[in-house]
$ cat data.pdb   # PDB, C-alpha atoms, pLDDT in the B column
ATOM      1  CA  MET P   1      -7.632  -7.971  29.381  1.00 64.00           C
ATOM      2  CA  ARG P   2      -9.273 -10.560  27.150  1.00 71.00           C
ATOM      3  CA  HIS P   3     -11.445  -7.787  25.648  1.00 81.00           C
ATOM      4  CA  TRP P   4      -8.455  -6.915  23.390  1.00 78.00           C
ATOM      5  CA  VAL P   5      -8.513 -10.313  21.640  1.00 84.00           C
ATOM      6  CA  GLY P   6      -9.452  -9.931  17.955  1.00 84.00           C
ATOM      7  CA  LYS P   7      -8.969  -6.152  17.891  1.00 84.00           C
ATOM      8  CA  PRO P   8      -6.291  -4.094  16.108  1.00 86.00           C
ATOM      9  CA  VAL P   9      -3.950  -2.764  18.775  1.00 86.00           C
ATOM     10  CA  ILE P  10      -0.598  -1.143  19.343  1.00 84.00           C
ATOM     11  CA  VAL P  11       1.435  -2.770  22.112  1.00 83.00           C
ATOM     12  CA  TYR P  12       4.176  -0.754  23.791  1.00 85.00           C
ATOM     13  CA  LEU P  13       7.049  -2.843  25.112  1.00 85.00           C
ATOM     14  CA  ARG P  14       9.456  -2.112  27.937  1.00 81.00           C
ATOM     15  CA  GLU P  15      12.578  -3.001  25.915  1.00 73.00           C
ATOM     16  CA  PRO P  16      14.226  -1.642  23.811  1.00 67.00           C
ATOM     17  CA  GLN P  17      13.236   1.820  25.004  1.00 63.00           C
ATOM     18  CA  TYR P  18       9.468   1.512  24.595  1.00 67.00           C
ATOM     19  CA  ALA P  19       9.367  -0.200  21.210  1.00 76.00           C
ATOM     20  CA  SER P  20       5.917  -0.818  19.763  1.00 79.00           C
ATOM     21  CA  MET P  21       4.184  -3.538  17.772  1.00 81.00           C
ATOM     22  CA  ARG P  22       1.033  -3.137  15.710  1.00 81.00           C
ATOM     23  CA  GLY P  23      -1.437  -5.777  14.664  1.00 83.00           C
ATOM     24  CA  VAL P  24      -4.465  -7.774  15.691  1.00 85.00           C
ATOM     25  CA  LEU P  25      -4.155  -9.323  19.135  1.00 84.00           C
ATOM     26  CA  ARG P  26      -4.753 -12.987  18.269  1.00 87.00           C
ATOM     27  CA  LYS P  27      -4.513 -14.688  21.638  1.00 86.00           C
ATOM     28  CA  TRP P  28      -4.170 -13.860  25.337  1.00 84.00           C
ATOM     29  CA  ASP P  29      -2.507 -16.838  27.024  1.00 80.00           C
ATOM     30  CA  SER P  30      -2.406 -16.238  30.801  1.00 81.00           C
ATOM     31  CA  ALA P  31      -1.066 -19.721  31.533  1.00 84.00           C
ATOM     32  CA  ALA P  32       2.012 -19.184  29.327  1.00 84.00           C
ATOM     33  CA  GLY P  33       2.264 -15.513  30.309  1.00 85.00           C
ATOM     34  CA  ARG P  34       2.201 -14.156  26.753  1.00 87.00           C
ATOM     35  CA  VAL P  35       0.046 -12.569  24.057  1.00 86.00           C
ATOM     36  CA  VAL P  36       0.114 -13.388  20.349  1.00 86.00           C
ATOM     37  CA  ILE P  37       0.064 -10.421  17.939  1.00 85.00           C
ATOM     38  CA  GLY P  38      -0.326 -10.062  14.176  1.00 78.00           C
ATOM     39  CA  HIS P  39      -0.700 -12.405  11.234  1.00 72.00           C
ATOM     40  CA  GLN P  40       2.832 -13.694  11.868  1.00 75.00           C
ATOM     41  CA  GLU P  41       1.673 -14.678  15.361  1.00 78.00           C
ATOM     42  CA  ILE P  42       4.523 -13.144  17.323  1.00 83.00           C
ATOM     43  CA  GLY P  43       4.485 -14.135  20.982  1.00 85.00           C
ATOM     44  CA  VAL P  44       5.188 -11.327  23.459  1.00 84.00           C
ATOM     45  CA  PRO P  45       5.680 -11.972  27.197  1.00 85.00           C
ATOM     46  CA  ILE P  46       3.062 -10.149  29.269  1.00 84.00           C
ATOM     47  CA  ARG P  47       5.748  -8.917  31.696  1.00 85.00           C
ATOM     48  CA  ASP P  48       7.370  -6.931  28.814  1.00 85.00           C
ATOM     49  CA  ILE P  49       4.165  -5.025  27.955  1.00 85.00           C
ATOM     50  CA  VAL P  50       3.918  -1.475  29.270  1.00 86.00           C
ATOM     51  CA  MET P  51       0.628  -0.457  27.637  1.00 86.00           C
ATOM     52  CA  ILE P  52      -1.950  -1.639  25.059  1.00 85.00           C
ATOM     53  CA  LYS P  53      -3.996   0.853  23.009  1.00 86.00           C
ATOM     54  CA  ALA P  54      -6.585   0.377  20.276  1.00 85.00           C
ATOM     55  CA  LEU P  55      -5.448   1.445  16.824  1.00 82.00           C
ATOM     56  CA  ALA P  56      -7.360   4.333  15.265  1.00 77.00           C
ATOM     57  CA  PRO P  57      -8.952   3.474  11.885  1.00 73.00           C
ATOM     58  CA  LYS P  58      -6.474   5.638   9.960  1.00 67.00           C
ATOM     59  CA  GLU P  59      -3.547   3.874  11.693  1.00 65.00           C
ATOM     60  CA  ARG P  60      -4.857   0.447  10.678  1.00 61.00           C
ATOM     61  CA  ALA P  61      -4.697   0.973   6.944  1.00 57.00           C
ATOM     62  CA  LEU P  62      -1.503   0.279   5.091  1.00 60.00           C
ATOM     63  CA  PRO P  63      -0.275   3.077   2.848  1.00 63.00           C
ATOM     64  CA  PRO P  64      -1.195   2.616  -0.810  1.00 65.00           C
ATOM     65  CA  VAL P  65       1.508   1.006  -2.939  1.00 68.00           C
ATOM     66  CA  LEU P  66       1.843   0.309  -6.638  1.00 67.00           C
ATOM     67  CA  TYR P  67       1.097  -3.180  -7.898  1.00 69.00           C
ATOM     68  CA  SER P  68       4.279  -4.821  -9.122  1.00 71.00           C
ATOM     69  CA  VAL P  69       2.627  -6.026 -12.351  1.00 75.00           C
ATOM     70  CA  GLY P  70       1.395  -3.589 -14.973  1.00 83.00           C
ATOM     71  CA  TYR P  71      -0.631  -3.987 -18.139  1.00 88.00           C
ATOM     72  CA  ILE P  72      -0.457  -2.396 -21.563  1.00 91.00           C
ATOM     73  CA  MET P  73      -3.214   0.121 -22.181  1.00 93.00           C
ATOM     74  CA  LYS P  74      -5.055  -0.276 -25.475  1.00 92.00           C
ATOM     75  CA  ASP P  75      -8.690   0.748 -24.900  1.00 93.00           C
ATOM     76  CA  ARG P  76     -10.093   4.237 -24.502  1.00 94.00           C
ATOM     77  CA  LEU P  77     -11.582   3.291 -21.115  1.00 93.00           C
ATOM     78  CA  GLN P  78      -8.148   2.244 -19.811  1.00 93.00           C
ATOM     79  CA  PHE P  79      -6.719   5.639 -20.731  1.00 95.00           C
ATOM     80  CA  ASP P  80      -9.755   7.368 -19.184  1.00 94.00           C
ATOM     81  CA  ASN P  81      -9.229   5.471 -15.916  1.00 91.00           C
ATOM     82  CA  ALA P  82      -5.486   6.219 -15.874  1.00 91.00           C
ATOM     83  CA  VAL P  83      -6.223   9.941 -16.242  1.00 93.00           C
ATOM     84  CA  TYR P  84      -9.033   9.907 -13.679  1.00 92.00           C
ATOM     85  CA  PHE P  85      -7.201   7.864 -11.010  1.00 87.00           C
ATOM     86  CA  LYS P  86      -3.786   9.440 -11.717  1.00 88.00           C
ATOM     87  CA  SER P  87      -2.245   6.000 -12.105  1.00 87.00           C
ATOM     88  CA  ALA P  88       1.501   5.527 -12.531  1.00 88.00           C
ATOM     89  CA  VAL P  89       2.287   5.012 -16.225  1.00 93.00           C
ATOM     90  CA  THR P  90       5.550   3.953 -17.832  1.00 93.00           C
ATOM     91  CA  VAL P  91       6.000   4.914 -21.487  1.00 94.00           C
ATOM     92  CA  TRP P  92       8.145   2.938 -23.939  1.00 94.00           C
ATOM     93  CA  LYS P  93       9.066   3.541 -27.559  1.00 94.00           C
ATOM     94  CA  GLY P  94      10.410   0.263 -28.838  1.00 91.00           C
ATOM     95  CA  ASP P  95      13.017  -0.808 -26.294  1.00 92.00           C
ATOM     96  CA  ARG P  96      13.680   2.770 -25.111  1.00 94.00           C
ATOM     97  CA  LEU P  97      12.189   4.070 -21.867  1.00 94.00           C
ATOM     98  CA  ILE P  98      10.543   7.465 -22.478  1.00 93.00           C
ATOM     99  CA  ALA P  99       8.947   8.149 -19.062  1.00 93.00           C
ATOM    100  CA  LEU P 100       8.964   6.262 -15.760  1.00 90.00           C
ATOM    101  CA  ASN P 101       6.049   6.474 -13.300  1.00 87.00           C
ATOM    102  CA  THR P 102       4.491   9.537 -14.860  1.00 92.00           C
ATOM    103  CA  THR P 103       0.794  10.400 -14.883  1.00 92.00           C
ATOM    104  CA  LEU P 104      -1.437  11.198 -17.802  1.00 95.00           C
ATOM    105  CA  VAL P 105      -3.141  14.585 -17.959  1.00 96.00           C
ATOM    106  CA  SER P 106      -5.381  13.880 -20.945  1.00 95.00           C
ATOM    107  CA  HIS P 107      -5.734  11.797 -24.086  1.00 95.00           C
ATOM    108  CA  THR P 108      -7.428  11.923 -27.464  1.00 94.00           C
ATOM    109  CA  LYS P 109      -8.086   9.263 -30.075  1.00 93.00           C
ATOM    110  CA  GLY P 110      -4.448   9.216 -31.180  1.00 93.00           C
ATOM    111  CA  ALA P 111      -2.348  11.094 -28.605  1.00 95.00           C
ATOM    112  CA  VAL P 112      -1.606  11.259 -24.884  1.00 96.00           C
ATOM    113  CA  THR P 113      -0.454  14.281 -22.853  1.00 96.00           C
ATOM    114  CA  LEU P 114       1.880  13.550 -19.922  1.00 95.00           C
ATOM    115  CA  GLU P 115       2.149  15.554 -16.695  1.00 94.00           C
ATOM    116  CA  ASP P 116       5.335  17.259 -17.938  1.00 93.00           C
ATOM    117  CA  GLY P 117       3.484  18.597 -20.998  1.00 93.00           C
ATOM    118  CA  ARG P 118       4.837  16.196 -23.626  1.00 94.00           C
ATOM    119  CA  THR P 119       2.356  14.857 -26.164  1.00 95.00           C
ATOM    120  CA  LEU P 120       3.029  11.317 -27.385  1.00 95.00           C
ATOM    121  CA  LEU P 121       1.320   9.299 -30.112  1.00 95.00           C
ATOM    122  CA  LYS P 122      -0.558   6.185 -29.066  1.00 94.00           C
ATOM    123  CA  GLY P 123       0.424   4.339 -32.239  1.00 93.00           C
ATOM    124  CA  THR P 124       4.183   4.671 -31.769  1.00 95.00           C
ATOM    125  CA  HIS P 125       4.434   4.382 -27.967  1.00 95.00           C
ATOM    126  CA  LEU P 126       3.621   1.654 -25.460  1.00 95.00           C
ATOM    127  CA  PHE P 127       1.831   2.767 -22.279  1.00 95.00           C
ATOM    128  CA  VAL P 128       2.103   0.432 -19.283  1.00 93.00           C
ATOM    129  CA  VAL P 129      -0.038   1.290 -16.249  1.00 91.00           C
ATOM    130  CA  ARG P 130       0.307   0.158 -12.653  1.00 82.00           C
ATOM    131  CA  SER P 131      -2.628   0.865 -10.381  1.00 69.00           C
ATOM    132  CA  LEU P 132      -2.551   1.608  -6.656  1.00 64.00           C
ATOM    133  CA  ARG P 133      -3.306  -1.138  -4.152  1.00 62.00           C
ATOM    134  CA  GLY P 134      -5.052   0.068  -1.014  1.00 51.00           C
TER     135      GLY P 134
END

$ encode --input "data.pdb" --output "structure tokens"
Amino acid sequence: MRHWVGKPVIVYLREPQYASMRGVLRKWDSAAGRVVIGHQEIGVPIRDIVMIKALAPKERALPPVLYSVGYIMKDRLQFDNAVYFKSAVTVWKGDRLIALNTTLVSHTKGAVTLEDGRTLLKGTHLFVVRSLRG
């Protein structure tokens, strides 16, 4: 069973009702009767393991999430990238929130068109973008 060490796996446990754990199998310790799984190094007794399977590549990846920190768009290239990648954009006018997590459809030198069809001026609005991680 040492061939699983270092590989992404899913481990099915006997209790509670065939629960499962996902992660890289870090260590197989026969002397202690346990395996160590994941970056948190959770020890699982070997006697509680029902089955071990390799994770498929699509199961390994974490779903994409938005970065928690955004930045104010000012350059044409930033607007181009936000349109192309369909990034989440928050629009402010002064201290008033105009749109939350919207996407940009297009932009010109002085205006931006949002997904709901509204056209807003770049000079009077603040556009904060948050890109996807993953």

$ resolve_selection --input "data.pdb" --expression "the PyMOL selection byres ((chain P and resi 108-116) around 12)" --output "number ranges by chain"
P: 73-77, 79-80, 82-83, 86-91, 98-107, 117-127

$ residues_around --input "data.pdb" --residues "P:Asp29" --least-positions-apart "6" --cutoff "10 Å" --atoms "all atoms listed in the file" --output "list of chain:residue names"
P:Arg2, P:Val35, P:Val36, P:Gly43, P:Pro45, P:Ile46

$ resolve_selection --input "data.pdb" --expression "the PyMOL selection byres ((chain P and resi 25) around 7)" --output "mmCIF file with C-alpha atoms, keeping the file's coordinate frame"
data_model
loop_
_atom_site.group_PDB
_atom_site.id
_atom_site.type_symbol
_atom_site.label_atom_id
_atom_site.label_comp_id
_atom_site.auth_asym_id
_atom_site.auth_seq_id
_atom_site.Cartn_x
_atom_site.Cartn_y
_atom_site.Cartn_z
ATOM 1 C CA TRP P 4 -8.455 -6.915 23.390
ATOM 2 C CA VAL P 5 -8.513 -10.313 21.640
ATOM 3 C CA GLY P 6 -9.452 -9.931 17.955
ATOM 4 C CA LYS P 7 -8.969 -6.152 17.891
ATOM 5 C CA PRO P 8 -6.291 -4.094 16.108
ATOM 6 C CA VAL P 9 -3.950 -2.764 18.775
ATOM 7 C CA GLY P 23 -1.437 -5.777 14.664
ATOM 8 C CA VAL P 24 -4.465 -7.774 15.691
ATOM 9 C CA ARG P 26 -4.753 -12.987 18.269
ATOM 10 C CA LYS P 27 -4.513 -14.688 21.638
ATOM 11 C CA VAL P 36 0.114 -13.388 20.349
ATOM 12 C CA ILE P 37 0.064 -10.421 17.939
ATOM 13 C CA GLY P 38 -0.326 -10.062 14.176
#

$ closest_residue --input "data.pdb" --among "P:Val129, P:Ala32, P:Met21, P:Ile10" --to "P:Ala54" --atoms "only C-alpha atoms"
P:Ile10

$ atom_distance --input "data.pdb" --atom1 "atom CA of P:Arg34" --atom2 "atom CA of P:Pro57"
25.6 Å

$ resolve_selection --input "data.pdb" --expression "the PyMOL selection byres ((chain P and resi 20) around 10)" --output "MDAnalysis selection string"
chainID P and resid 10:19 21:22 49:52

$ atom_distance --input "data.pdb" --atom1 "atom CA of P:Leu97" --atom2 "atom CA of P:Tyr84"
23.5 Å

$ atom_distance --input "data.pdb" --atom1 "atom CA of P:Leu55" --atom2 "atom CA of P:His3"
14.1 Å

$ build_atoms --input "data.pdb" --residues "stretch 78-104 of chain P" --atoms "N, CA and C atoms" --output "short mmCIF file (atom, residue, chain, number, x, y, z; two decimals), in the coordinates of the input"
data_model
loop_
_atom_site.label_atom_id
_atom_site.label_comp_id
_atom_site.auth_asym_id
_atom_site.auth_seq_id
_atom_site.Cartn_x
_atom_site.Cartn_y
_atom_site.Cartn_z
N GLN P 78 -9.37 2.39 -20.61
CA GLN P 78 -8.15 2.24 -19.81
C GLN P 78 -7.41 3.58 -19.68
N PHE P 79 -7.35 4.31 -20.77
CA PHE P 79 -6.72 5.64 -20.73
C PHE P 79 -7.55 6.59 -19.88
N ASP P 80 -8.88 6.54 -20.01
CA ASP P 80 -9.76 7.37 -19.18
C ASP P 80 -9.51 7.11 -17.70
N ASN P 81 -9.44 5.83 -17.32
CA ASN P 81 -9.23 5.47 -15.92
C ASN P 81 -7.85 5.91 -15.42
N ALA P 82 -6.84 5.79 -16.26
CA ALA P 82 -5.49 6.22 -15.87
C ALA P 82 -5.44 7.72 -15.63
N VAL P 83 -6.16 8.49 -16.43
CA VAL P 83 -6.22 9.94 -16.24
C VAL P 83 -7.01 10.26 -14.97
N TYR P 84 -8.15 9.62 -14.81
CA TYR P 84 -9.03 9.91 -13.68
C TYR P 84 -8.39 9.54 -12.33
N PHE P 85 -7.78 8.34 -12.26
CA PHE P 85 -7.20 7.86 -11.01
C PHE P 85 -5.74 8.27 -10.81
N LYS P 86 -5.18 8.99 -11.78
CA LYS P 86 -3.79 9.44 -11.72
C LYS P 86 -2.84 8.26 -11.46
N SER P 87 -3.05 7.21 -12.23
CA SER P 87 -2.24 6.00 -12.10
C SER P 87 -0.83 6.23 -12.62
N ALA P 88 0.11 5.46 -12.08
CA ALA P 88 1.50 5.53 -12.53
C ALA P 88 1.63 4.84 -13.88
N VAL P 89 2.17 5.54 -14.86
CA VAL P 89 2.29 5.01 -16.23
C VAL P 89 3.76 5.08 -16.64
N THR P 90 4.22 4.00 -17.25
CA THR P 90 5.55 3.95 -17.83
C THR P 90 5.37 3.95 -19.34
N VAL P 91 6.14 4.78 -20.03
CA VAL P 91 6.00 4.91 -21.49
C VAL P 91 7.26 4.39 -22.17
N TRP P 92 7.05 3.53 -23.16
CA TRP P 92 8.14 2.94 -23.94
C TRP P 92 7.97 3.27 -25.42
N LYS P 93 9.08 3.43 -26.10
CA LYS P 93 9.07 3.54 -27.56
C LYS P 93 10.08 2.51 -28.05
N GLY P 94 9.55 1.39 -28.50
CA GLY P 94 10.41 0.26 -28.84
C GLY P 94 11.02 -0.28 -27.56
N ASP P 95 12.35 -0.34 -27.51
CA ASP P 95 13.02 -0.81 -26.29
C ASP P 95 13.60 0.34 -25.48
N ARG P 96 13.21 1.58 -25.82
CA ARG P 96 13.68 2.77 -25.11
C ARG P 96 12.64 3.27 -24.12
N LEU P 97 13.07 3.53 -22.89
CA LEU P 97 12.19 4.07 -21.87
C LEU P 97 12.04 5.58 -22.07
N ILE P 98 10.82 6.04 -22.26
CA ILE P 98 10.54 7.46 -22.48
C ILE P 98 10.20 8.16 -21.16
N ALA P 99 9.35 7.55 -20.34
CA ALA P 99 8.95 8.15 -19.06
C ALA P 99 8.68 7.04 -18.05
N LEU P 100 9.14 7.25 -16.83
CA LEU P 100 8.96 6.26 -15.76
C LEU P 100 8.04 6.83 -14.69
N ASN P 101 7.00 6.09 -14.36
CA ASN P 101 6.05 6.47 -13.30
C ASN P 101 5.54 7.90 -13.43
N THR P 102 5.09 8.24 -14.61
CA THR P 102 4.49 9.54 -14.86
C THR P 102 2.97 9.37 -14.79
N THR P 103 2.25 10.47 -14.82
CA THR P 103 0.79 10.40 -14.88
C THR P 103 0.32 11.07 -16.16
N LEU P 104 -0.84 10.65 -16.59
CA LEU P 104 -1.44 11.20 -17.80
C LEU P 104 -2.36 12.34 -17.43
#
